[in-house]
>>> print(open('upload.txt').read())   # compact mmCIF, C-alpha atoms
# COMPACT_ATOMS: atom_id res chain seq x y z
CA MET A 6 146.55 106.15 192.19
CA ASN A 7 144.76 103.05 191.04
CA PRO A 8 146.84 101.04 188.49
CA GLN A 9 143.76 100.98 186.23
CA GLU A 10 143.17 104.72 186.42
CA ARG A 11 143.06 106.54 183.09
CA ILE A 12 144.35 110.02 182.43
CA VAL A 13 143.25 112.08 179.43
CA PHE A 14 145.83 114.65 178.38
CA ASP A 15 145.65 117.28 175.61
CA ILE A 16 148.03 120.01 174.47
CA GLU A 17 147.01 122.88 172.21
CA THR A 18 149.71 124.64 170.22
CA ALA A 19 149.85 127.71 168.00
CA PRO A 20 152.54 129.12 165.73
CA MET A 21 155.12 131.10 167.66
CA LEU A 22 155.09 134.87 167.31
CA GLY A 23 157.40 136.12 164.57
CA ILE A 24 157.52 132.65 163.05
CA GLU A 25 158.62 134.01 159.67
CA ASP A 26 161.99 135.01 161.19
CA TYR A 27 162.74 131.35 162.00
CA ILE A 28 161.68 129.74 158.72
CA THR A 29 164.24 128.89 156.09
CA VAL A 30 163.24 127.57 152.70
CA GLY A 31 165.34 126.07 149.98
CA SER A 32 166.05 127.60 146.62
CA ALA A 33 163.38 128.19 144.04
CA PRO A 34 163.29 125.63 141.21
CA SER A 35 166.17 126.07 138.79
CA ASN A 36 163.85 127.04 135.94
CA TYR A 37 162.83 130.20 137.86
CA LYS A 38 164.96 133.03 136.43
CA ASN A 39 162.81 136.12 137.03
CA PRO A 40 163.63 137.71 140.43
CA ASP A 41 159.96 138.57 140.97
CA ALA A 42 158.94 134.94 140.38
CA ILE A 43 161.65 133.75 142.78
CA ALA A 44 160.45 136.24 145.41
CA ARG A 45 156.83 135.07 145.01
CA TRP A 46 157.92 131.41 145.28
CA THR A 47 159.93 132.18 148.44
CA ALA A 48 157.06 134.13 150.02
CA ALA A 49 154.59 131.32 149.25
CA ALA A 50 156.95 128.70 150.72
CA ILE A 51 157.39 130.74 153.92
CA GLU A 52 153.62 131.28 154.21
CA GLU A 53 152.97 127.55 153.82
CA GLU A 54 155.49 126.70 156.55
CA ALA A 55 154.03 129.41 158.82
CA ASN A 56 150.51 128.02 158.34
CA ASN A 57 151.73 124.63 159.56
CA GLY A 58 153.80 126.12 162.39
CA ALA A 59 151.47 124.89 165.14
CA LEU A 60 152.33 121.32 164.14
CA ASP A 61 156.11 121.80 164.10
CA PRO A 62 157.75 121.39 167.54
CA ASP A 63 160.47 123.88 166.57
CA LEU A 64 158.02 126.56 165.43
CA CYS A 65 155.13 126.31 167.88
CA ARG A 66 154.29 127.40 171.38
CA ILE A 67 152.03 125.76 173.92
CA VAL A 68 148.86 127.76 174.53
CA ALA A 69 146.88 125.29 176.67
CA ILE A 70 147.26 121.99 178.48
CA GLY A 71 144.26 120.06 179.71
CA TYR A 72 144.01 116.85 181.68
CA GLN A 73 141.49 114.77 183.55
CA SER A 74 141.76 111.50 185.44
CA ASP A 75 139.09 109.03 186.48
CA GLU A 76 139.19 110.58 189.95
CA ASP A 77 138.53 114.13 188.68
CA ALA A 78 134.97 115.33 188.25
CA ASP A 79 135.98 118.08 185.84
CA PRO A 80 139.00 118.53 183.57
CA THR A 81 141.81 120.86 184.57
CA VAL A 82 142.90 123.35 181.92
CA ASN A 83 145.92 125.62 182.11
CA VAL A 84 146.11 128.40 179.53
CA ALA A 85 149.23 130.38 178.61
CA ALA A 86 148.07 133.82 177.56
CA ASN A 87 151.50 134.70 176.17
CA GLU A 88 154.91 133.13 175.53
CA SER A 89 156.28 134.10 178.95
CA GLN A 90 153.53 132.02 180.61
CA GLU A 91 154.32 129.00 178.47
>>> encode(input="upload.txt", output="structure tokens")
Amino acid sequence: MNPQERIVFDIETAPMLGIEDYITVGSAPSNYKNPDAIARWTAAAIEEEANNGALDPDLCRIVAIGYQSDEDADPTVNVAANESQE
């Protein structure tokens, strides 16, 4: 390998399956007294965390890794079709 050789590396992630089971949110604001309002707040907080799950290392899974060096004509891409292939 040439000391000046460059390598381009990319990882694609997605939220893990069943992400909602791993998300914990704090308590609703103290001014929330109605149980229905608290439940809606909790559901919205969980949904927001789940939507950002691909960016959280504890809540994501790797779905693809790609790389290419100066010596490679084409990039190499490895895809994990499911969690067991990750």
>>> atom_distance(input="upload.txt", atom1="atom CA of A:Ala48", atom2="atom CA of A:Gly23")
14.7 Å
>>> closest_residue(input="upload.txt", among="A:Ala85, A:Ala44, A:Leu64, A:Ala59", to="A:Asp26", atoms="all atoms listed in the file")
A:Leu64
>>> closest_residue(input="upload.txt", among="A:Ile67, A:Ala78, A:Val84, A:Ala55", to="A:Glu25", atoms="only C-alpha atoms")
A:Ala55
>>> residues_around(input="upload.txt", residues="A:Ala33", least_positions_apart="2", cutoff="8 Å", atoms="all atoms listed in the file", output="CSV table (one decimal) with C-alpha atoms, in the frame of the given file")
chain,number,residue,atom,x,y,z
A,31,GLY,CA,165.3,126.1,150.0
A,35,SER,CA,166.2,126.1,138.8
A,37,TYR,CA,162.8,130.2,137.9
A,43,ILE,CA,161.6,133.8,142.8
A,46,TRP,CA,157.9,131.4,145.3
A,47,THR,CA,159.9,132.2,148.4
>>> closest_residue(input="upload.txt", among="A:Ser89, A:Pro80, A:Asp75, A:Arg66", to="A:Glu17", atoms="all atoms listed in the file")
A:Arg66
>>> atom_distance(input="upload.txt", atom1="atom CA of A:Asn56", atom2="atom CA of A:Thr81")
28.5 Å
>>> residues_around(input="upload.txt", residues="A:Leu60", least_positions_apart="5", cutoff="8 Å", atoms="all atoms listed in the file", output="ChimeraX atom specification")
/A:18-20,65
>>> atom_distance(input="upload.txt", atom1="atom CA of A:Ala86", atom2="atom CA of A:Glu53")
25.0 Å
